[in-house]
>>> print(open('structure-v1.cif').read())   # mmCIF, C-alpha atoms
data_run
loop_
_atom_site.label_atom_id
_atom_site.label_comp_id
_atom_site.auth_asym_id
_atom_site.auth_seq_id
_atom_site.Cartn_x
_atom_site.Cartn_y
_atom_site.Cartn_z
CA MET C 27 -96.73 -181.87 52.74
CA SER C 28 -93.46 -180.22 51.88
CA ILE C 29 -93.41 -176.54 51.03
CA GLU C 30 -91.50 -175.55 47.92
CA LEU C 31 -90.29 -172.29 46.46
CA ARG C 32 -93.38 -172.13 44.21
CA HIS C 33 -95.62 -171.79 47.27
CA LEU C 34 -93.64 -168.79 48.49
CA ARG C 35 -93.66 -167.18 45.05
CA ALA C 36 -97.42 -167.62 44.78
CA PHE C 37 -97.98 -166.06 48.19
CA LEU C 38 -95.69 -163.10 47.42
CA ALA C 39 -97.46 -162.50 44.10
CA ILE C 40 -100.82 -162.48 45.88
CA ALA C 41 -99.46 -160.12 48.53
CA GLU C 42 -98.22 -157.69 45.90
CA GLU C 43 -101.20 -157.89 43.56
CA SER C 44 -103.95 -158.16 46.24
CA SER C 45 -105.64 -160.57 43.84
CA VAL C 46 -105.36 -164.27 43.09
CA THR C 47 -106.36 -163.59 39.47
CA ARG C 48 -103.64 -161.02 38.87
CA ALA C 49 -101.12 -163.14 40.75
CA ALA C 50 -101.93 -166.09 38.47
CA GLN C 51 -101.48 -163.92 35.39
CA ARG C 52 -98.17 -162.63 36.68
CA LEU C 53 -96.90 -166.14 37.36
CA HIS C 54 -98.35 -167.56 34.14
CA LEU C 55 -100.38 -170.07 36.13
CA THR C 56 -104.08 -170.85 36.41
CA GLN C 57 -106.08 -169.23 39.17
CA PRO C 58 -106.92 -172.61 40.83
CA ALA C 59 -103.23 -173.51 40.90
CA VAL C 60 -102.35 -170.30 42.75
CA SER C 61 -105.27 -170.76 45.16
CA ARG C 62 -104.15 -174.32 45.92
CA ALA C 63 -100.58 -173.12 46.55
CA LEU C 64 -101.82 -170.51 49.02
CA ALA C 65 -104.09 -173.01 50.78
CA ALA C 66 -101.25 -175.50 51.10
CA LEU C 67 -98.95 -172.84 52.52
CA GLU C 68 -101.52 -171.71 55.08
CA LYS C 69 -102.14 -175.31 56.13
CA HIS C 70 -98.42 -175.85 56.57
CA VAL C 71 -97.85 -172.76 58.76
CA GLY C 72 -101.11 -173.34 60.62
CA THR C 73 -102.64 -169.90 60.21
CA ARG C 74 -104.44 -167.64 57.76
CA LEU C 75 -102.04 -165.48 55.78
CA VAL C 76 -104.59 -163.75 53.52
CA ASP C 77 -107.93 -162.21 54.52
CA ARG C 78 -110.49 -163.17 51.87
CA SER C 79 -113.47 -161.45 53.51
CA THR C 80 -113.20 -158.28 51.43
CA HIS C 81 -113.43 -157.62 47.71
CA HIS C 82 -109.68 -157.01 47.52
CA LEU C 83 -107.51 -159.57 49.26
CA ALA C 84 -105.39 -158.25 52.13
CA LEU C 85 -102.75 -159.84 54.31
CA THR C 86 -103.54 -160.77 57.88
CA ALA C 87 -101.18 -159.65 60.66
CA GLU C 88 -99.50 -163.06 60.43
CA GLY C 89 -99.38 -162.72 56.66
CA ARG C 90 -97.49 -159.41 56.90
CA VAL C 91 -94.90 -160.98 59.16
CA PHE C 92 -94.60 -164.03 56.93
CA ARG C 93 -94.29 -161.84 53.80
CA ASP C 94 -90.99 -160.40 54.99
CA LYS C 95 -89.60 -163.83 55.83
CA ALA C 96 -90.75 -165.29 52.51
CA ALA C 97 -89.30 -162.38 50.56
CA THR C 98 -85.94 -162.83 52.31
CA ALA C 99 -85.92 -166.56 51.56
CA VAL C 100 -86.80 -166.13 47.89
CA ALA C 101 -84.25 -163.34 47.45
CA ALA C 102 -81.54 -165.50 49.02
CA PHE C 103 -82.39 -168.35 46.67
CA ASP C 104 -82.36 -166.10 43.61
CA GLU C 105 -79.08 -164.52 44.67
CA ALA C 106 -77.46 -167.92 45.14
CA LEU C 107 -78.28 -168.80 41.53
CA ASP C 108 -77.27 -165.40 40.11
CA SER C 109 -74.22 -166.13 37.96
CA ALA C 110 -73.13 -162.49 38.05
CA ARG C 111 -72.99 -162.56 41.86
CA LEU C 112 -71.28 -165.92 41.84
CA ARG C 113 -68.42 -164.32 39.96
CA ARG C 114 -68.13 -161.78 42.80
CA TRP C 115 -68.03 -164.36 45.59
CA PRO C 116 -65.39 -162.83 47.91
CA LEU C 117 -62.30 -164.85 48.72
CA ARG C 118 -61.44 -164.34 52.40
CA LEU C 119 -57.76 -164.57 53.33
CA GLY C 120 -57.03 -164.64 57.05
CA HIS C 121 -53.82 -163.80 58.87
CA ALA C 122 -52.90 -163.37 62.52
CA TRP C 123 -50.67 -160.32 62.30
CA SER C 124 -48.39 -159.75 59.28
CA ALA C 125 -50.11 -161.38 56.31
CA LEU C 126 -47.49 -162.12 53.64
CA GLY C 127 -45.15 -159.39 54.79
CA PRO C 128 -43.47 -157.69 51.81
CA TYR C 129 -45.54 -159.78 49.41
CA THR C 130 -48.88 -158.56 50.77
CA THR C 131 -49.25 -155.43 48.64
CA PRO C 132 -48.06 -157.11 45.43
CA LEU C 133 -50.54 -159.93 46.06
CA LEU C 134 -53.47 -157.54 46.54
CA ARG C 135 -52.56 -155.46 43.50
CA ARG C 136 -52.06 -158.43 41.20
CA TRP C 137 -55.29 -160.01 42.40
CA GLU C 138 -57.24 -156.84 41.69
CA GLN C 139 -55.79 -156.70 38.17
CA GLU C 140 -56.23 -160.36 37.30
CA HIS C 141 -59.45 -161.20 39.21
CA PRO C 142 -61.54 -158.02 39.32
CA ASP C 143 -64.78 -159.99 39.69
CA THR C 144 -63.64 -161.82 42.86
CA PRO C 145 -62.84 -159.48 45.76
CA LEU C 146 -59.93 -160.63 47.93
CA GLU C 147 -60.70 -159.73 51.55
CA LEU C 148 -57.68 -159.65 53.87
CA LEU C 149 -58.87 -160.31 57.44
CA ARG C 150 -56.75 -160.12 60.59
CA ILE C 151 -57.99 -162.66 63.12
CA ASP C 152 -56.09 -163.29 66.37
CA ASP C 153 -56.28 -167.05 66.29
CA ARG C 154 -53.72 -169.82 65.73
CA THR C 155 -55.31 -170.66 62.37
CA ALA C 156 -56.42 -167.06 61.62
CA GLY C 157 -60.06 -168.14 61.60
CA LEU C 158 -59.59 -171.01 59.16
CA ALA C 159 -60.46 -173.82 61.55
CA ARG C 160 -63.68 -172.00 62.54
CA GLY C 161 -64.71 -171.43 58.92
CA GLU C 162 -64.37 -167.64 59.08
CA VAL C 163 -62.03 -167.51 56.08
CA ASP C 164 -61.38 -169.53 52.93
CA ALA C 165 -57.59 -169.56 53.25
CA ALA C 166 -55.03 -168.26 55.73
CA VAL C 167 -51.41 -167.23 55.97
CA LEU C 168 -49.99 -169.13 58.93
CA ARG C 169 -46.58 -169.13 60.56
CA GLY C 170 -44.93 -172.02 62.32
CA PRO C 171 -46.25 -175.55 62.77
CA VAL C 172 -50.02 -175.96 62.63
CA ASP C 173 -51.75 -178.79 64.44
CA ALA C 174 -55.33 -178.59 63.22
CA PRO C 175 -57.22 -181.46 61.56
CA GLY C 176 -58.59 -181.10 58.06
CA LEU C 177 -56.18 -178.38 56.87
CA VAL C 178 -53.94 -178.49 53.81
CA THR C 179 -50.79 -176.34 53.98
CA GLU C 180 -48.18 -175.26 51.47
CA LEU C 181 -44.82 -173.79 52.41
CA LEU C 182 -44.33 -170.43 50.73
CA PHE C 183 -41.03 -169.25 52.22
CA LEU C 184 -38.90 -169.15 55.36
CA GLU C 185 -38.88 -165.87 57.25
CA PRO C 186 -35.99 -164.73 59.46
CA ARG C 187 -36.68 -163.84 63.06
CA VAL C 188 -36.10 -160.49 64.71
CA ALA C 189 -35.92 -159.29 68.28
CA ALA C 190 -38.35 -156.60 69.44
CA ILE C 191 -37.05 -154.45 72.30
CA THR C 192 -37.97 -151.21 73.99
CA SER C 193 -36.49 -148.28 72.05
CA ASP C 194 -34.93 -146.58 75.08
CA GLY C 195 -33.31 -149.71 76.51
CA PRO C 196 -29.62 -150.68 76.32
CA LEU C 197 -30.19 -153.48 73.78
CA ALA C 198 -31.48 -150.95 71.23
CA ALA C 199 -27.94 -149.64 70.80
CA LEU C 200 -26.73 -152.99 69.38
CA PRO C 201 -26.92 -153.64 65.60
CA ARG C 202 -28.02 -157.26 66.11
CA LEU C 203 -28.94 -159.45 69.03
CA THR C 204 -28.73 -163.07 70.13
CA LEU C 205 -31.06 -165.30 72.06
CA THR C 206 -28.66 -165.03 74.99
CA ASP C 207 -29.05 -161.25 74.98
CA LEU C 208 -32.80 -161.61 75.38
CA ALA C 209 -32.62 -164.33 78.05
CA SER C 210 -31.26 -161.88 80.62
CA GLY C 211 -34.72 -160.32 81.10
CA PRO C 212 -38.42 -161.15 80.80
CA VAL C 213 -39.72 -162.28 77.40
CA LEU C 214 -43.19 -161.45 76.04
CA VAL C 215 -45.02 -164.47 74.56
CA ASN C 216 -48.17 -164.19 72.44
CA GLU C 217 -49.78 -167.44 73.46
CA VAL C 218 -52.73 -167.19 71.04
CA SER C 219 -51.26 -166.45 67.62
CA GLY C 220 -47.51 -165.99 68.12
CA VAL C 221 -44.74 -168.32 66.99
CA THR C 222 -42.34 -167.91 69.93
CA THR C 223 -42.27 -170.08 73.03
CA LEU C 224 -39.55 -170.70 75.62
CA ASP C 225 -38.58 -173.79 73.61
CA LEU C 226 -36.79 -171.41 71.23
CA TRP C 227 -33.98 -171.23 73.81
CA PRO C 228 -31.79 -174.18 74.84
CA PRO C 229 -33.08 -175.85 78.03
CA ASP C 230 -30.13 -174.57 80.07
CA ALA C 231 -30.31 -170.99 78.75
CA ARG C 232 -33.97 -170.07 78.81
CA PRO C 233 -35.22 -166.68 80.04
CA SER C 234 -35.69 -166.53 83.78
CA SER C 235 -39.23 -165.21 83.39
CA HIS C 236 -41.86 -164.50 80.77
CA LEU C 237 -45.15 -162.64 80.39
CA THR C 238 -48.04 -163.78 78.20
CA VAL C 239 -50.32 -161.70 75.96
CA THR C 240 -53.07 -162.70 73.57
CA ASN C 241 -52.58 -160.47 70.53
CA THR C 242 -50.00 -158.44 68.63
CA ASP C 243 -51.24 -155.06 69.87
CA ASP C 244 -50.82 -155.99 73.52
CA TRP C 245 -47.44 -157.55 72.71
CA LEU C 246 -46.18 -154.30 71.19
CA THR C 247 -47.57 -152.17 74.01
CA ALA C 248 -45.88 -154.30 76.68
CA ILE C 249 -42.51 -154.18 74.89
CA ALA C 250 -42.74 -150.42 74.43
CA ALA C 251 -43.48 -150.07 78.14
CA GLY C 252 -40.27 -151.93 78.98
CA ARG C 253 -41.97 -154.98 80.45
CA GLY C 254 -39.83 -157.36 78.40
CA ALA C 255 -38.47 -158.25 74.97
CA GLY C 256 -40.10 -160.23 72.21
CA VAL C 257 -39.20 -162.40 69.25
CA SER C 258 -41.10 -162.28 65.99
CA VAL C 259 -40.48 -162.38 62.23
CA ALA C 260 -39.00 -159.79 59.88
CA SER C 261 -42.35 -158.77 58.41
CA THR C 262 -43.58 -157.70 61.85
CA ALA C 263 -41.06 -154.86 61.73
CA GLN C 264 -42.45 -153.79 58.35
CA MET C 265 -46.15 -154.25 59.07
CA HIS C 266 -46.21 -153.14 62.71
CA PRO C 267 -43.83 -150.23 63.35
CA HIS C 268 -44.16 -148.74 66.83
CA PRO C 269 -42.50 -145.60 68.18
CA GLY C 270 -41.56 -147.36 71.39
CA VAL C 271 -40.30 -150.60 69.83
CA THR C 272 -37.02 -151.23 68.04
CA TYR C 273 -36.47 -154.32 65.91
CA ARG C 274 -33.06 -155.96 65.53
CA PRO C 275 -31.91 -159.03 63.52
CA LEU C 276 -31.73 -162.25 65.53
CA PRO C 277 -29.44 -164.40 63.35
CA ASP C 278 -28.98 -167.30 65.78
CA ALA C 279 -32.72 -168.05 65.89
CA PRO C 280 -34.11 -170.46 63.27
CA PRO C 281 -36.35 -168.98 60.55
CA VAL C 282 -40.13 -169.43 60.64
CA PRO C 283 -42.01 -171.27 57.88
CA VAL C 284 -44.76 -169.18 56.28
CA LEU C 285 -47.63 -171.35 55.07
CA LEU C 286 -50.71 -170.86 52.95
CA ALA C 287 -53.44 -173.05 54.39
CA HIS C 288 -56.96 -174.01 53.42
CA ARG C 289 -59.51 -176.62 54.41
CA ALA C 290 -59.19 -179.95 52.67
CA HIS C 291 -62.66 -179.73 51.13
CA SER C 292 -62.82 -176.02 50.33
CA ASN C 293 -65.09 -175.29 47.37
CA HIS C 294 -64.22 -171.67 46.59
CA PRO C 295 -63.67 -171.50 42.82
CA ALA C 296 -60.85 -168.93 43.10
CA LEU C 297 -58.79 -170.74 45.75
CA ALA C 298 -56.50 -172.43 43.23
CA ASP C 299 -55.77 -169.06 41.64
CA LEU C 300 -54.81 -167.61 45.02
CA ILE C 301 -52.46 -170.48 45.73
CA ALA C 302 -50.82 -170.14 42.33
CA LEU C 303 -50.33 -166.38 42.70
CA ALA C 304 -48.94 -166.63 46.23
CA ARG C 305 -46.56 -169.33 45.04
CA GLU C 306 -45.40 -167.18 42.13
CA LEU C 307 -44.81 -164.04 44.22
CA THR C 308 -42.89 -165.72 47.02
CA ARG C 309 -40.54 -167.85 44.95
#
>>> encode(input="structure-v1.cif", output="structure tokens")
Amino acid sequence: MSIELRHLRAFLAIAEESSVTRAAQRLHLTQPAVSRALAALEKHVGTRLVDRSTHHLALTAEGRVFRDKAATAVAAFDEALDSARLRRWPLRLGHAWSALGPYTTPLLRRWEQEHPDTPLELLRIDDRTAGLARGEVDAAVLRGPVDAPGLVTELLFLEPRVAAITSDGPLAALPRLTLTDLASGPVLVNEVSGVTTLDLWPPDARPSSHLTVTNTDDWLTAIAAGRGAGVSVASTAQMHPHPGVTYRPLPDAPPVPVLLAHRAHSNHPALADLIALARELTR
């Protein structure tokens, strides 16, 4: 037979009351009904959960273990149907390194004011889809083209690129740089979540060498150490200042599209509000 929530509630009432009679009164059921629920549950799990050999019922060793599991299951069910907690279902927004740049703080502040019952959790995840494809977040701020099935994207704005160079190098003395300036030395490429590849340069003018990293922190550290230069977006300079890294405009590089993405069948009730607010702030 199938076990239902009523079987677990009957068992938990017996465990707490140490009496089938009191458990039945608590549940507003007849004593035979509670006894049958317990018997069915014990038959299903294949072991005795309650010791009936004494005047006051007591749990067996297996019953004590099962009590904790049953209590967890019932609590999870009750929490899922708690309308107050549903209104505080967090909305998880992933990003790989710079979120929405200058719009990040305004977004968080407006969200807190307008949706106080739905926490907005900003999560940095070093992944091409910032955890969205793996289901770790409900929505994500993505940069550059995204080739992942089942995602819906909306263009928020275009972000200019900048060069990132070591602060004590000769290029740091220039007010702005070009792709040609950077091609004379090694280039750092974040191959996991970055938006720059060697295809950014014309085929006949690409850097002679490049080094790969897998996250923004390692990218910054390598540039500061003088191992090469990097290319990123303007918000990186704002969100990730580094004492050993200088950022300079890179006007001859095309801007990067900044997208708000979510899964095609997302069911978070506040997702539409997030999309509307991000659209309003960035336009």
>>> atom_distance(input="structure-v1.cif", atom1="CA of Leu203 (chain C)", atom2="CA of Leu168 (chain C)")
25.3 Å
>>> resolve_selection(input="structure-v1.cif", expression="the PyMOL selection byres ((chain C and resi 265-281) around 10)", output="ChimeraX atom specification")
/C:123-128,130,170,183-195,197-208,226-227,242-243,246-252,255-264,282-284
>>> residues_around(input="structure-v1.cif", residues="region 29-36 of chain C", least_positions_apart="6", cutoff="12 Å", atoms="only C-alpha atoms", output="ChimeraX atom specification")
/C:42-71,75-76,89,92-104
>>> atom_distance(input="structure-v1.cif", atom1="CA of Pro145 (chain C)", atom2="CA of Pro116 (chain C)")
4.7 Å
>>> residues_around(input="structure-v1.cif", residues="Ala159 (chain C)", least_positions_apart="4", cutoff="9 Å", atoms="only C-alpha atoms", output="JSON, numbers by chain")
{"C": [154, 155, 163, 174, 175, 176, 177, 288, 289]}
>>> atom_distance(input="structure-v1.cif", atom1="CA of Ala165 (chain C)", atom2="CA of Ala304 (chain C)")
11.5 Å
>>> closest_residue(input="structure-v1.cif", among="C:Glu180, C:His121, C:Leu303, C:Glu88", to="Leu134 (chain C)", atoms="only C-alpha atoms")
C:Leu303
>>> closest_atom_pairs(input="structure-v1.cif", of="region 45-157 of chain C", to="region 305-308 of chain C", cutoff="8 Å", atoms="all atoms listed in the file", output="CSV")
residue,atom,partner,partner_atom,distance
C:Tyr129,CA,C:Leu307,CA,6.8
C:Pro132,CA,C:Leu307,CA,7.7
C:Leu133,CA,C:Leu307,CA,7.3
>>> write_last_selection(input="structure-v1.cif", atoms="C-alpha atoms", output="mmCIF file, in the frame of the given file")
data_model
loop_
_atom_site.group_PDB
_atom_site.id
_atom_site.type_symbol
_atom_site.label_atom_id
_atom_site.label_comp_id
_atom_site.auth_asym_id
_atom_site.auth_seq_id
_atom_site.Cartn_x
_atom_site.Cartn_y
_atom_site.Cartn_z
ATOM 1 C CA TYR C 129 -45.540 -159.780 49.410
ATOM 2 C CA PRO C 132 -48.060 -157.110 45.430
ATOM 3 C CA LEU C 133 -50.540 -159.930 46.060
#
>>> axis_aligned_box(input="structure-v1.cif", around="region 234-239 of chain C", padding_each_side="8 Å", output="JSON")
{"center_x": -43.0, "center_y": -164.1, "center_z": 79.9, "size_x": 30.6, "size_y": 20.8, "size_z": 23.8}
>>> residues_around(input="structure-v1.cif", residues="region 231-240 of chain C", least_positions_apart="2", cutoff="7 Å", atoms="all atoms listed in the file", output="PyMOL selection string")
chain C and resi 209-218+224+227-229+244-245
>>> resolve_selection(input="structure-v1.cif", expression="the PyMOL selection byres ((chain C and resi 119) around 10)", output="list in words")
Pro116, Leu117, Arg118, Gly120, His121, Ala125, Leu146, Glu147, Leu148, Leu149, Arg150, Ile151, Ala156, Gly157, Leu158, Glu162, Val163, Asp164, Ala165, Ala166, Val167, Leu286, Ala287, His288, Leu297 and Leu300 of chain C
>>> closest_residue(input="structure-v1.cif", among="C:Arg160, C:Arg78, C:Arg169, C:Arg90", to="Leu181 (chain C)", atoms="only C-alpha atoms")
C:Arg169
>>> closest_residue(input="structure-v1.cif", among="C:Thr73, C:Thr222, C:Ser28, C:Ala84", to="Ile40 (chain C)", atoms="all atoms listed in the file")
C:Ala84
>>> resolve_selection(input="structure-v1.cif", expression="the PyMOL selection byres ((chain C and resi 295) around 10)", output="PyMOL selection string")
chain C and resi 112-113+115+117+144+292-294+296-300
>>> write_last_selection(input="structure-v1.cif", atoms="C-alpha atoms", output="PDB file, in the frame of the given file")
ATOM      1  CA  LEU C 112     -71.280-165.920  41.840  1.00  0.00           C
ATOM      2  CA  ARG C 113     -68.420-164.320  39.960  1.00  0.00           C
ATOM      3  CA  TRP C 115     -68.030-164.360  45.590  1.00  0.00           C
ATOM      4  CA  LEU C 117     -62.300-164.850  48.720  1.00  0.00           C
ATOM      5  CA  THR C 144     -63.640-161.820  42.860  1.00  0.00           C
ATOM      6  CA  SER C 292     -62.820-176.020  50.330  1.00  0.00           C
ATOM      7  CA  ASN C 293     -65.090-175.290  47.370  1.00  0.00           C
ATOM      8  CA  HIS C 294     -64.220-171.670  46.590  1.00  0.00           C
ATOM      9  CA  ALA C 296     -60.850-168.930  43.100  1.00  0.00           C
ATOM     10  CA  LEU C 297     -58.790-170.740  45.750  1.00  0.00           C
ATOM     11  CA  ALA C 298     -56.500-172.430  43.230  1.00  0.00           C
ATOM     12  CA  ASP C 299     -55.770-169.060  41.640  1.00  0.00           C
ATOM     13  CA  LEU C 300     -54.810-167.610  45.020  1.00  0.00           C
TER      14      LEU C 300
END
>>> build_atoms(input="structure-v1.cif", residues="region 228-246 of chain C", atoms="N, CA and C atoms", output="PDB file, in the coordinates of the input")
ATOM      1  N   PRO C 228     -32.253-172.889  74.305  1.00  0.00           N
ATOM      2  CA  PRO C 228     -31.790-174.180  74.840  1.00  0.00           C
ATOM      3  C   PRO C 228     -32.292-174.361  76.273  1.00  0.00           C
ATOM      4  N   PRO C 229     -32.516-175.607  76.696  1.00  0.00           N
ATOM      5  CA  PRO C 229     -33.080-175.850  78.030  1.00  0.00           C
ATOM      6  C   PRO C 229     -32.276-175.205  79.158  1.00  0.00           C
ATOM      7  N   ASP C 230     -30.957-175.118  79.000  1.00  0.00           N
ATOM      8  CA  ASP C 230     -30.130-174.570  80.070  1.00  0.00           C
ATOM      9  C   ASP C 230     -29.878-173.074  79.936  1.00  0.00           C
ATOM     10  N   ALA C 231     -30.543-172.420  78.964  1.00  0.00           N
ATOM     11  CA  ALA C 231     -30.310-170.990  78.750  1.00  0.00           C
ATOM     12  C   ALA C 231     -31.603-170.238  78.491  1.00  0.00           C
ATOM     13  N   ARG C 232     -32.682-170.707  79.039  1.00  0.00           N
ATOM     14  CA  ARG C 232     -33.970-170.070  78.810  1.00  0.00           C
ATOM     15  C   ARG C 232     -34.134-168.820  79.674  1.00  0.00           C
ATOM     16  N   PRO C 233     -34.972-167.878  79.234  1.00  0.00           N
ATOM     17  CA  PRO C 233     -35.220-166.680  80.040  1.00  0.00           C
ATOM     18  C   PRO C 233     -35.712-167.050  81.434  1.00  0.00           C
ATOM     19  N   SER C 234     -35.315-166.248  82.393  1.00  0.00           N
ATOM     20  CA  SER C 234     -35.690-166.530  83.780  1.00  0.00           C
ATOM     21  C   SER C 234     -37.168-166.307  84.031  1.00  0.00           C
ATOM     22  N   SER C 235     -37.803-165.465  83.207  1.00  0.00           N
ATOM     23  CA  SER C 235     -39.230-165.210  83.390  1.00  0.00           C
ATOM     24  C   SER C 235     -39.857-164.810  82.059  1.00  0.00           C
ATOM     25  N   HIS C 236     -41.166-164.913  81.983  1.00  0.00           N
ATOM     26  CA  HIS C 236     -41.860-164.500  80.770  1.00  0.00           C
ATOM     27  C   HIS C 236     -43.259-164.006  81.129  1.00  0.00           C
ATOM     28  N   LEU C 237     -43.797-163.173  80.256  1.00  0.00           N
ATOM     29  CA  LEU C 237     -45.150-162.640  80.390  1.00  0.00           C
ATOM     30  C   LEU C 237     -45.943-163.052  79.160  1.00  0.00           C
ATOM     31  N   THR C 238     -47.214-163.352  79.324  1.00  0.00           N
ATOM     32  CA  THR C 238     -48.040-163.780  78.200  1.00  0.00           C
ATOM     33  C   THR C 238     -49.036-162.691  77.811  1.00  0.00           C
ATOM     34  N   VAL C 239     -49.289-162.582  76.513  1.00  0.00           N
ATOM     35  CA  VAL C 239     -50.320-161.700  75.960  1.00  0.00           C
ATOM     36  C   VAL C 239     -51.128-162.529  74.973  1.00  0.00           C
ATOM     37  N   THR C 240     -52.198-161.922  74.446  1.00  0.00           N
ATOM     38  CA  THR C 240     -53.070-162.700  73.570  1.00  0.00           C
ATOM     39  C   THR C 240     -53.220-162.122  72.173  1.00  0.00           C
ATOM     40  N   ASN C 241     -52.507-161.020  71.877  1.00  0.00           N
ATOM     41  CA  ASN C 241     -52.580-160.470  70.530  1.00  0.00           C
ATOM     42  C   ASN C 241     -51.372-159.574  70.275  1.00  0.00           C
ATOM     43  N   THR C 242     -51.168-159.219  69.024  1.00  0.00           N
ATOM     44  CA  THR C 242     -50.000-158.440  68.630  1.00  0.00           C
ATOM     45  C   THR C 242     -50.004-157.047  69.233  1.00  0.00           C
ATOM     46  N   ASP C 243     -51.162-156.419  69.322  1.00  0.00           N
ATOM     47  CA  ASP C 243     -51.240-155.060  69.870  1.00  0.00           C
ATOM     48  C   ASP C 243     -50.775-155.021  71.318  1.00  0.00           C
ATOM     49  N   ASP C 244     -51.238-155.952  72.118  1.00  0.00           N
ATOM     50  CA  ASP C 244     -50.820-155.990  73.520  1.00  0.00           C
ATOM     51  C   ASP C 244     -49.337-156.342  73.636  1.00  0.00           C
ATOM     52  N   TRP C 245     -48.859-157.180  72.750  1.00  0.00           N
ATOM     53  CA  TRP C 245     -47.440-157.550  72.710  1.00  0.00           C
ATOM     54  C   TRP C 245     -46.571-156.324  72.471  1.00  0.00           C
ATOM     55  N   LEU C 246     -46.931-155.515  71.498  1.00  0.00           N
ATOM     56  CA  LEU C 246     -46.180-154.300  71.190  1.00  0.00           C
ATOM     57  C   LEU C 246     -46.239-153.300  72.341  1.00  0.00           C
TER      58      LEU C 246
END
